[in-house]
file upload.cif (mmCIF, C-alpha atoms)
data_entry
loop_
_atom_site.group_PDB
_atom_site.id
_atom_site.type_symbol
_atom_site.label_atom_id
_atom_site.label_comp_id
_atom_site.auth_asym_id
_atom_site.auth_seq_id
_atom_site.Cartn_x
_atom_site.Cartn_y
_atom_site.Cartn_z
ATOM 1 C CA MET L 1349 124.089 119.253 102.154
ATOM 2 C CA LYS L 1350 121.075 117.123 103.026
ATOM 3 C CA TRP L 1351 121.133 114.658 100.139
ATOM 4 C CA VAL L 1352 123.293 112.098 101.949
ATOM 5 C CA ARG L 1353 120.973 112.042 104.960
ATOM 6 C CA LEU L 1354 117.916 111.947 102.679
ATOM 7 C CA ALA L 1355 119.350 108.983 100.782
ATOM 8 C CA TRP L 1356 119.988 107.169 104.046
ATOM 9 C CA ILE L 1357 116.439 107.797 105.337
ATOM 10 C CA THR L 1358 114.968 106.712 102.002
ATOM 11 C CA TRP L 1359 116.896 103.454 102.187
ATOM 12 C CA VAL L 1360 115.625 102.751 105.712
ATOM 13 C CA LEU L 1361 111.990 103.542 104.840
ATOM 14 C CA ASN L 1362 111.927 101.691 101.527
ATOM 15 C CA GLY L 1363 114.385 98.904 102.339
ATOM 16 C CA ALA L 1364 113.482 95.320 101.667
ATOM 17 C CA VAL L 1365 114.379 94.334 105.221
ATOM 18 C CA ALA L 1366 112.912 95.442 108.515
ATOM 19 C CA TRP L 1367 114.557 97.790 110.985
ATOM 20 C CA GLY L 1368 116.976 95.821 113.161
ATOM 21 C CA GLU L 1369 117.681 93.454 110.266
ATOM 22 C CA ALA L 1370 118.898 96.146 107.874
ATOM 23 C CA CYS L 1371 122.694 96.266 107.914
ATOM 24 C CA PHE L 1372 125.505 97.456 105.686
ATOM 25 C CA THR L 1373 128.249 95.201 104.396
ATOM 26 C CA VAL L 1374 131.653 96.879 104.352
ATOM 27 C CA SER L 1375 134.086 96.465 101.461
ATOM 28 C CA GLY L 1376 136.826 98.523 99.891
ATOM 29 C CA GLU L 1377 140.483 99.237 100.448
ATOM 30 C CA VAL L 1378 142.970 100.659 102.922
ATOM 31 C CA THR L 1379 146.030 102.626 101.816
ATOM 32 C CA TYR L 1380 149.119 103.601 103.777
ATOM 33 C CA TRP L 1381 151.775 106.192 102.959
ATOM 34 C CA ALA L 1382 155.261 105.536 104.362
ATOM 35 C CA SER L 1383 158.720 106.976 103.781
ATOM 36 C CA THR L 1384 162.447 106.754 104.377
ATOM 37 C CA LEU L 1385 165.009 109.529 104.240
ATOM 38 C CA LEU L 1386 165.267 109.080 100.467
ATOM 39 C CA ASN L 1387 161.819 108.172 99.203
ATOM 40 C CA GLN L 1388 158.153 107.669 99.963
ATOM 41 C CA TRP L 1389 155.562 105.203 98.713
ATOM 42 C CA LYS L 1390 152.110 103.850 99.336
ATOM 43 C CA GLY L 1391 150.738 100.376 99.849
ATOM 44 C CA VAL L 1392 147.183 99.275 99.099
ATOM 45 C CA ASN L 1393 145.135 96.524 100.712
ATOM 46 C CA ARG L 1394 141.894 95.621 98.932
ATOM 47 C CA SER L 1395 140.750 92.947 101.380
ATOM 48 C CA LEU L 1396 138.613 95.236 103.577
ATOM 49 C CA TYR L 1397 135.412 93.551 104.737
ATOM 50 C CA GLY L 1398 132.967 93.838 107.625
ATOM 51 C CA GLU L 1399 129.457 94.749 108.698
ATOM 52 C CA LEU L 1400 127.594 97.655 110.310
ATOM 53 C CA ARG L 1401 124.364 97.070 112.243
ATOM 54 C CA PRO L 1402 121.918 99.884 113.161
ATOM 55 C CA VAL L 1403 121.460 100.544 116.870
ATOM 56 C CA ALA L 1404 119.668 103.909 116.618
ATOM 57 C CA PRO L 1405 118.655 106.320 113.837
ATOM 58 C CA GLU L 1406 121.786 107.186 111.851
ATOM 59 C CA THR L 1407 123.943 105.262 114.356
ATOM 60 C CA PHE L 1408 125.640 101.907 113.789
ATOM 61 C CA GLN L 1409 127.932 99.428 115.486
ATOM 62 C CA GLY L 1410 129.974 96.709 113.850
ATOM 63 C CA TRP L 1411 133.427 95.681 112.724
ATOM 64 C CA ALA L 1412 135.811 95.765 109.771
ATOM 65 C CA CYS L 1413 138.970 93.745 109.058
ATOM 66 C CA VAL L 1414 141.773 93.454 106.512
ATOM 67 C CA SER L 1415 144.139 90.582 105.781
ATOM 68 C CA MET L 1416 147.674 91.664 106.693
ATOM 69 C CA SER L 1417 149.148 89.416 103.984
ATOM 70 C CA ASP L 1418 147.484 91.422 101.216
ATOM 71 C CA TRP L 1419 149.430 94.700 101.228
ATOM 72 C CA ASP L 1420 150.736 95.657 97.790
ATOM 73 C CA SER L 1421 153.206 98.531 97.433
ATOM 74 C CA GLY L 1422 154.392 97.536 93.965
ATOM 75 C CA ASN L 1423 157.655 96.218 95.429
ATOM 76 C CA ALA L 1424 157.680 92.518 96.361
ATOM 77 C CA THR L 1425 160.732 92.786 98.625
ATOM 78 C CA ARG L 1426 159.287 95.731 100.530
ATOM 79 C CA ASP L 1427 155.976 93.905 100.962
ATOM 80 C CA LYS L 1428 157.833 90.860 102.245
ATOM 81 C CA HIS L 1429 159.531 92.983 104.913
ATOM 82 C CA GLY L 1430 156.121 94.369 105.794
ATOM 83 C CA ARG L 1431 154.659 90.886 106.307
ATOM 84 C CA ILE L 1432 157.591 90.069 108.562
ATOM 85 C CA MET L 1433 156.997 93.209 110.607
ATOM 86 C CA PHE L 1434 153.282 92.426 110.899
ATOM 87 C CA GLU L 1435 154.036 88.770 111.836
ATOM 88 C CA VAL L 1436 151.160 87.752 109.616
ATOM 89 C CA GLU L 1437 151.254 84.074 110.558
ATOM 90 C CA LYS L 1438 150.579 85.084 114.174
ATOM 91 C CA TYR L 1439 148.375 88.128 113.520
ATOM 92 C CA PRO L 1440 146.740 87.443 110.142
ATOM 93 C CA GLU L 1441 144.203 90.273 110.362
ATOM 94 C CA ALA L 1442 143.852 93.810 111.652
ATOM 95 C CA CYS L 1443 140.326 94.523 112.883
ATOM 96 C CA TYR L 1444 138.392 97.594 113.957
ATOM 97 C CA ALA L 1445 135.661 96.982 116.556
ATOM 98 C CA ILE L 1446 133.295 99.862 115.832
ATOM 99 C CA ARG L 1447 131.555 101.068 118.965
ATOM 100 C CA GLU L 1448 129.709 103.861 117.179
ATOM 101 C CA ALA L 1449 129.470 105.005 113.566
ATOM 102 C CA ARG L 1450 127.331 108.116 113.262
ATOM 103 C CA LEU L 1451 126.253 110.183 110.280
ATOM 104 C CA LYS L 1452 126.468 113.957 110.803
ATOM 105 C CA GLY L 1453 125.396 115.606 107.588
ATOM 106 C CA THR L 1454 127.979 114.515 105.029
ATOM 107 C CA VAL L 1455 130.501 113.522 107.701
ATOM 108 C CA GLY L 1456 130.844 110.038 109.120
ATOM 109 C CA VAL L 1457 132.223 109.932 112.665
ATOM 110 C CA VAL L 1458 133.507 106.523 113.734
ATOM 111 C CA SER L 1459 134.928 105.487 117.106
ATOM 112 C CA GLY L 1460 136.013 102.139 118.438
ATOM 113 C CA THR L 1461 139.018 99.937 119.152
ATOM 114 C CA MET L 1462 141.625 99.011 116.564
ATOM 115 C CA ASP L 1463 143.520 95.723 116.919
ATOM 116 C CA ILE L 1464 146.802 95.530 114.980
ATOM 117 C CA HIS L 1465 149.607 93.077 115.740
ATOM 118 C CA GLY L 1466 147.850 92.029 118.952
ATOM 119 C CA VAL L 1467 147.790 95.604 120.288
ATOM 120 C CA ARG L 1468 144.391 97.183 120.958
ATOM 121 C CA ARG L 1469 144.071 100.955 120.995
ATOM 122 C CA PRO L 1470 141.086 103.327 120.885
ATOM 123 C CA LEU L 1471 140.729 105.004 117.513
ATOM 124 C CA SER L 1472 138.345 107.692 116.302
ATOM 125 C CA ILE L 1473 138.193 108.832 112.692
ATOM 126 C CA GLU L 1474 136.123 111.241 110.624
ATOM 127 C CA GLY L 1475 135.529 111.109 106.908
ATOM 128 C CA ARG L 1476 133.321 112.312 104.119
ATOM 129 C CA VAL L 1477 130.260 110.252 103.216
ATOM 130 C CA GLU L 1478 128.850 110.158 99.680
ATOM 131 C CA SER L 1479 125.674 108.528 98.400
ATOM 132 C CA ARG L 1480 125.999 106.267 95.357
ATOM 133 C CA GLY L 1481 122.540 104.965 94.569
ATOM 134 C CA SER L 1482 121.663 102.625 97.409
ATOM 135 C CA ASP L 1483 125.318 102.450 98.497
ATOM 136 C CA PHE L 1484 127.360 104.859 100.567
ATOM 137 C CA ARG L 1485 131.062 105.621 100.436
ATOM 138 C CA LEU L 1486 133.125 106.634 103.465
ATOM 139 C CA LYS L 1487 136.606 108.023 102.912
ATOM 140 C CA ALA L 1488 138.741 108.940 105.932
ATOM 141 C CA ARG L 1489 142.430 109.508 106.621
ATOM 142 C CA PHE L 1490 144.326 109.451 109.914
ATOM 143 C CA PRO L 1491 147.964 109.419 111.104
ATOM 144 C CA THR L 1492 149.522 106.708 113.246
ATOM 145 C CA ARG L 1493 152.903 105.331 114.290
ATOM 146 C CA ILE L 1494 154.214 101.844 113.626
ATOM 147 C CA SER L 1495 155.625 101.687 117.157
ATOM 148 C CA ASP L 1496 152.166 102.385 118.619
ATOM 149 C CA TRP L 1497 151.231 98.849 117.569
ATOM 150 C CA GLY L 1498 154.167 97.039 119.152
ATOM 151 C CA MET L 1499 156.229 96.870 115.957
ATOM 152 C CA THR L 1500 159.647 98.143 114.954
ATOM 153 C CA PRO L 1501 159.849 99.888 111.551
ATOM 154 C CA PRO L 1502 161.926 97.854 109.057
ATOM 155 C CA ARG L 1503 165.593 98.824 108.981
ATOM 156 C CA LEU L 1504 167.709 98.110 105.930
ATOM 157 C CA MET L 1505 170.542 100.642 106.001
ATOM 158 C CA ALA L 1506 171.090 103.950 107.750
ATOM 159 C CA VAL L 1507 169.413 105.848 104.922
ATOM 160 C CA MET L 1508 166.745 103.184 104.390
ATOM 161 C CA ASN L 1509 165.144 103.124 107.829
ATOM 162 C CA VAL L 1510 161.386 103.340 107.477
ATOM 163 C CA ARG L 1511 160.038 106.300 109.420
ATOM 164 C CA ASP L 1512 157.761 105.530 112.337
ATOM 165 C CA GLU L 1513 155.033 107.926 111.204
ATOM 166 C CA VAL L 1514 152.602 106.739 108.518
ATOM 167 C CA GLN L 1515 149.350 108.015 107.059
ATOM 168 C CA VAL L 1516 146.414 105.641 106.609
ATOM 169 C CA GLU L 1517 143.340 106.123 104.432
ATOM 170 C CA ILE L 1518 140.171 104.028 104.510
ATOM 171 C CA ASP L 1519 137.988 103.995 101.395
ATOM 172 C CA ALA L 1520 134.938 101.915 102.293
ATOM 173 C CA THR L 1521 131.782 101.097 100.376
ATOM 174 C CA LEU L 1522 128.713 100.491 102.567
ATOM 175 C CA ARG L 1523 126.065 98.379 100.869
ATOM 176 C CA PRO L 1524 122.576 97.566 102.244
ATOM 177 C CA SER L 1525 122.284 93.913 103.161
ATOM 178 C CA PRO L 1526 120.408 91.638 105.566
ATOM 179 C CA CYS L 1527 122.295 91.388 108.839
ATOM 180 C CA GLY L 1528 124.584 88.452 109.469
ATOM 181 C CA GLN L 1529 125.701 88.015 105.865
ATOM 182 C CA VAL L 1530 129.394 88.634 106.614
ATOM 183 C CA ARG L 1531 131.582 86.347 108.715
ATOM 184 C CA HIS L 1532 135.210 86.615 109.776
ATOM 185 C CA ARG L 1533 137.403 84.877 107.219
ATOM 186 C CA PRO L 1534 139.992 82.359 108.439
ATOM 187 C CA PRO L 1535 143.523 82.923 107.126
ATOM 188 C CA SER L 1536 144.407 81.012 103.990
ATOM 189 C CA PRO L 1537 146.480 77.898 104.816
ATOM 190 C CA GLY L 1538 148.503 78.489 101.662
ATOM 191 C CA SER L 1539 149.411 82.038 102.615
ATOM 192 C CA MET L 1540 150.408 80.944 106.123
ATOM 193 C CA GLU L 1541 152.581 78.140 104.754
ATOM 194 C CA ALA L 1542 154.407 80.645 102.574
ATOM 195 C CA GLN L 1543 155.428 82.626 105.664
ATOM 196 C CA LYS L 1544 157.311 79.773 107.369
ATOM 197 C CA ALA L 1545 160.745 81.081 106.378
ATOM 198 C CA ALA L 1546 159.777 84.639 105.512
ATOM 199 C CA VAL L 1547 162.527 86.428 107.480
ATOM 200 C CA PHE L 1548 165.225 84.169 106.063
ATOM 201 C CA GLU L 1549 163.881 84.675 102.563
ATOM 202 C CA ALA L 1550 163.805 88.451 102.951
ATOM 203 C CA TYR L 1551 167.250 88.904 104.518
ATOM 204 C CA CYS L 1552 169.331 85.828 103.718
ATOM 205 C CA SER L 1553 168.113 84.086 100.565
ATOM 206 C CA PHE L 1554 169.923 86.400 98.134
ATOM 207 C CA CYS L 1555 173.197 84.795 99.220
ATOM 208 C CA HIS L 1556 172.203 81.447 100.715
ATOM 209 C CA MET L 1557 169.251 80.781 98.340
ATOM 210 C CA PRO L 1558 165.585 80.380 99.357
ATOM 211 C CA GLN L 1559 165.952 76.843 100.723
ATOM 212 C CA GLY L 1560 169.301 77.557 102.385
ATOM 213 C CA GLN L 1561 171.166 75.353 99.899
ATOM 214 C CA GLY L 1562 173.881 77.943 99.198
ATOM 215 C CA GLN L 1563 175.508 78.931 95.923
ATOM 216 C CA GLY L 1564 179.018 79.663 94.705
ATOM 217 C CA TYR L 1565 180.820 81.778 97.302
ATOM 218 C CA TYR L 1566 178.030 81.312 99.857
ATOM 219 C CA PRO L 1567 177.809 78.059 101.847
ATOM 220 C CA PRO L 1568 174.621 76.143 102.608
ATOM 221 C CA VAL L 1569 173.025 76.719 106.004
ATOM 222 C CA THR L 1570 170.929 73.557 106.142
ATOM 223 C CA HIS L 1571 173.509 72.014 108.490
ATOM 224 C CA VAL L 1572 173.466 74.641 111.256
ATOM 225 C CA ALA L 1573 171.428 72.522 113.681
ATOM 226 C CA THR L 1574 174.574 70.429 114.252
ATOM 227 C CA PHE L 1575 175.998 73.346 116.259
ATOM 228 C CA LEU L 1576 173.365 72.639 118.913
ATOM 229 C CA ARG L 1577 175.340 69.533 119.877
ATOM 230 C CA HIS L 1578 177.858 71.899 121.493
ATOM 231 C CA PRO L 1579 177.036 73.553 124.862
ATOM 232 C CA GLU L 1580 177.723 76.978 123.348
ATOM 233 C CA GLY L 1581 176.096 76.217 120.019
ATOM 234 C CA ARG L 1582 172.926 78.189 120.667
ATOM 235 C CA ALA L 1583 174.946 81.236 121.646
ATOM 236 C CA TYR L 1584 177.141 80.880 118.563
ATOM 237 C CA LEU L 1585 174.218 80.696 116.134
ATOM 238 C CA ALA L 1586 172.545 83.742 117.645
ATOM 239 C CA ARG L 1587 175.729 85.781 117.843
ATOM 240 C CA VAL L 1588 176.944 84.959 114.334
ATOM 241 C CA VAL L 1589 173.685 86.317 112.920
ATOM 242 C CA MET L 1590 174.046 89.404 115.132
ATOM 243 C CA TYR L 1591 177.724 90.145 114.558
ATOM 244 C CA GLY L 1592 178.609 88.448 111.265
ATOM 245 C CA LEU L 1593 181.674 86.379 110.416
ATOM 246 C CA PHE L 1594 184.889 86.879 108.477
ATOM 247 C CA GLY L 1595 187.467 84.211 107.691
ATOM 248 C CA PRO L 1596 188.013 80.920 105.840
ATOM 249 C CA ILE L 1597 185.492 78.218 106.729
ATOM 250 C CA GLU L 1598 184.705 74.696 105.633
ATOM 251 C CA VAL L 1599 181.172 73.376 105.182
ATOM 252 C CA SER L 1600 180.392 69.828 104.042
ATOM 253 C CA SER L 1601 184.041 69.295 103.010
ATOM 254 C CA LYS L 1602 184.030 72.407 100.810
ATOM 255 C CA LYS L 1603 186.309 75.335 101.662
ATOM 256 C CA TYR L 1604 185.161 78.952 101.468
ATOM 257 C CA GLU L 1605 188.220 81.201 101.560
ATOM 258 C CA GLY L 1606 187.829 84.708 102.931
ATOM 259 C CA PHE L 1607 184.144 84.191 103.610
ATOM 260 C CA PHE L 1608 182.327 87.290 104.858
ATOM 261 C CA MET L 1609 178.864 87.367 106.410
ATOM 262 C CA PRO L 1610 177.446 90.783 107.345
ATOM 263 C CA ALA L 1611 176.084 91.552 110.811
ATOM 264 C CA PHE L 1612 172.308 91.731 111.215
ATOM 265 C CA GLY L 1613 172.116 92.688 114.881
ATOM 266 C CA GLU L 1614 171.425 96.342 114.081
ATOM 267 C CA LEU L 1615 168.917 95.528 111.358
ATOM 268 C CA MET L 1616 166.787 93.087 113.348
ATOM 269 C CA ASP L 1617 165.284 93.417 116.796
ATOM 270 C CA ASP L 1618 165.376 90.498 119.230
ATOM 271 C CA SER L 1619 162.042 89.073 118.089
ATOM 272 C CA MET L 1620 163.081 89.067 114.447
ATOM 273 C CA LEU L 1621 166.449 87.499 115.259
ATOM 274 C CA ALA L 1622 164.689 84.765 117.222
ATOM 275 C CA ARG L 1623 162.382 84.179 114.311
ATOM 276 C CA VAL L 1624 165.098 83.800 111.673
ATOM 277 C CA LEU L 1625 167.033 81.446 113.965
ATOM 278 C CA ASN L 1626 163.930 79.310 114.409
ATOM 279 C CA GLU L 1627 163.377 79.298 110.656
ATOM 280 C CA LEU L 1628 166.928 78.034 110.213
ATOM 281 C CA LEU L 1629 166.475 75.282 112.788
ATOM 282 C CA PHE L 1630 162.930 74.119 112.173
ATOM 283 C CA ALA L 1631 162.050 75.058 108.584
ATOM 284 C CA LEU L 1632 165.345 74.826 106.694
ATOM 285 C CA SER L 1633 167.617 72.517 108.670
ATOM 286 C CA ARG L 1634 167.887 68.955 107.447
ATOM 287 C CA ALA L 1635 167.813 67.493 110.938
ATOM 288 C CA SER L 1636 167.008 69.535 114.024
ATOM 289 C CA PRO L 1637 168.115 67.755 117.209
ATOM 290 C CA PRO L 1638 165.251 66.014 119.038
ATOM 291 C CA GLY L 1639 163.919 68.198 121.823
ATOM 292 C CA ALA L 1640 165.523 71.376 120.492
ATOM 293 C CA SER L 1641 163.616 74.363 121.842
ATOM 294 C CA PRO L 1642 162.809 77.483 119.818
ATOM 295 C CA TYR L 1643 164.700 80.697 120.452
ATOM 296 C CA THR L 1644 162.830 83.457 122.249
ATOM 297 C CA ALA L 1645 163.414 87.201 122.113
ATOM 298 C CA GLU L 1646 164.479 87.122 125.768
ATOM 299 C CA GLU L 1647 167.124 84.471 125.076
ATOM 300 C CA VAL L 1648 168.428 86.339 122.044
ATOM 301 C CA ARG L 1649 168.717 89.534 124.078
ATOM 302 C CA ARG L 1650 171.122 87.819 126.478
ATOM 303 C CA TYR L 1651 173.430 86.893 123.605
ATOM 304 C CA ARG L 1652 173.919 90.512 122.547
ATOM 305 C CA THR L 1653 176.624 90.967 125.188
ATOM 306 C CA PRO L 1654 179.506 91.194 124.989
ATOM 307 C CA PRO L 1655 179.738 92.864 121.548
ATOM 308 C CA ALA L 1656 181.852 91.056 118.948
ATOM 309 C CA THR L 1657 183.445 91.576 115.546
ATOM 310 C CA PRO L 1658 183.140 89.258 112.521
ATOM 311 C CA ALA L 1659 186.714 88.114 113.225
ATOM 312 C CA ASP L 1660 185.781 87.292 116.827
ATOM 313 C CA MET L 1661 182.943 85.155 115.553
ATOM 314 C CA TRP L 1662 185.300 83.296 113.199
ATOM 315 C CA HIS L 1663 187.474 82.317 116.170
ATOM 316 C CA PHE L 1664 184.360 81.296 118.112
ATOM 317 C CA ARG L 1665 183.254 79.108 115.209
ATOM 318 C CA GLN L 1666 186.670 77.499 114.809
ATOM 319 C CA ARG L 1667 186.751 76.512 118.475
ATOM 320 C CA ILE L 1668 183.270 74.993 118.376
ATOM 321 C CA VAL L 1669 183.983 73.089 115.151
ATOM 322 C CA ARG L 1670 187.241 71.754 116.620
ATOM 323 C CA GLU L 1671 185.602 70.645 119.859
ATOM 324 C CA LEU L 1672 182.698 69.023 118.035
ATOM 325 C CA SER L 1673 185.124 67.059 115.858
ATOM 326 C CA GLN L 1674 186.907 65.787 118.962
ATOM 327 C CA THR L 1675 183.677 64.444 120.454
ATOM 328 C CA SER L 1676 182.247 62.930 117.252
ATOM 329 C CA PRO L 1677 182.203 59.111 117.182
#
call {"tool": "encode", "arguments": {"input": "upload.cif", "output": "structure tokens"}}
result
Amino acid sequence: MKWVRLAWITWVLNGAVAWGEACFTVSGEVTYWASTLLNQWKGVNRSLYGELRPVAPETFQGWACVSMSDWDSGNATRDKHGRIMFEVEKYPEACYAIREARLKGTVGVVSGTMDIHGVRRPLSIEGRVESRGSDFRLKARFPTRISDWGMTPPRLMAVMNVRDEVQVEIDATLRPSPCGQVRHRPPSPGSMEAQKAAVFEAYCSFCHMPQGQGQGYYPPVTHVATFLRHPEGRAYLARVVMYGLFGPIEVSSKKYEGFFMPAFGELMDDSMLARVLNELLFALSRASPPGASPYTAEEVRRYRTPPATPADMWHFRQRIVRELSQTSP
């Protein structure tokens, strides 16, 4: 079919801008398909934007980006886990540096370097190109793995582990425009602020409430920075999140009999554990000790050994609480 190529040539010859200044703006959406053992779903991101600049007849270079905070799968909790996995406050966008986009009949062949989660990998895709008046539409699908981009698929339960393999589809509209009309968009300060305690909110807020204030059977966690006054306090905080806790405790003069906290060490990797600990200390705690340093994934990894049970962690807590009370003025 020659009509796509003819439409492209007509646009170049009759365009309102001169060759070298005649670009295409990129807009549209990106869709992913993911699955667990029990179900599958898709997420849509409609923030795609970018620009293609001609470098030779029917050949372009350019870039395209999406905001990683804008995925919508129709499930707010699932999307929240996705934003945690993407670390959107650190890597707010995924961008494709397009080395060459070439039209071959009705097929668009694109090659370049994709940057997701700070990992850059070469990526080549092919898709069908359609002419829509003066616009063009490129639709392409390709497989990838979450782990290829330095991320661990979310893990909720044994049957709810997200599979590593996903399918991605790009549905882009290319619209003639003078070059230089599109600029990279800075991340929204509001959206970044909302991510400050995102891991805690996703995994812990159902019991301890979004601000860590606790409710009913579940104690507040806004006091946990006081454990850092003990030499083993950092280890305790990390290990109690990893291995859970079971036993009667007292928090702010209130007793919680038979309290049980599940273990999260198998659900979170070291980076995610470090992040939720830092959220507890620096976003939710009422008073973090001056000079307290953030947890790192390397530090958290050291605390994984030796393994412990929730009952072990109760005894660990009791000893620290007792020793802190003996040293308090």
call {"tool": "residues_near_point", "arguments": {"input": "upload.cif", "point": "(164.5, 78.0, 121.9)", "cutoff": "12 Å", "atoms": "only C-alpha atoms", "output": "list in words"}}
result
Leu1576, Gly1581, Arg1582, Ala1583, Leu1585, Ala1586, Ser1619, Leu1621, Ala1622, Arg1623, Val1624, Leu1625, Asn1626, Glu1627, Leu1628, Leu1629, Phe1630, Ser1636, Pro1637, Gly1639, Ala1640, Ser1641, Pro1642, Tyr1643, Thr1644, Ala1645, Glu1646, Glu1647 and Val1648 of chain L
call {"tool": "residues_around", "arguments": {"input": "upload.cif", "residues": "range 1521-1526 of chain L", "least_positions_apart": "5", "cutoff": "8 Å", "atoms": "only C-alpha atoms", "output": "JSON, numbers by chain"}}
result
{"L": [1365, 1369, 1370, 1371, 1372, 1373, 1374, 1375, 1376, 1482, 1483, 1484, 1485, 1486]}
call {"tool": "atom_distance", "arguments": {"input": "upload.cif", "atom1": "CA of Asp1660 in chain L", "atom2": "CA of Pro1596 in chain L"}}
result
12.9 Å
call {"tool": "atom_distance", "arguments": {"input": "upload.cif", "atom1": "CA of Thr1570 in chain L", "atom2": "CA of Pro1654 in chain L"}}
result
27.2 Å
call {"tool": "residues_near_point", "arguments": {"input": "upload.cif", "point": "(184.8, 85.0, 98.0)", "cutoff": "8 Å", "atoms": "all atoms listed in the file", "output": "ChimeraX atom specification"}}
result
/L:1565-1566,1604-1608
call {"tool": "resolve_selection", "arguments": {"input": "upload.cif", "expression": "the PyMOL selection byres ((chain L and resi 1431) around 12)", "output": "number ranges by chain"}}
result
L: 1415-1421, 1424-1430, 1432-1441, 1465, 1499, 1501-1502, 1539-1540, 1542-1547, 1549-1550, 1620
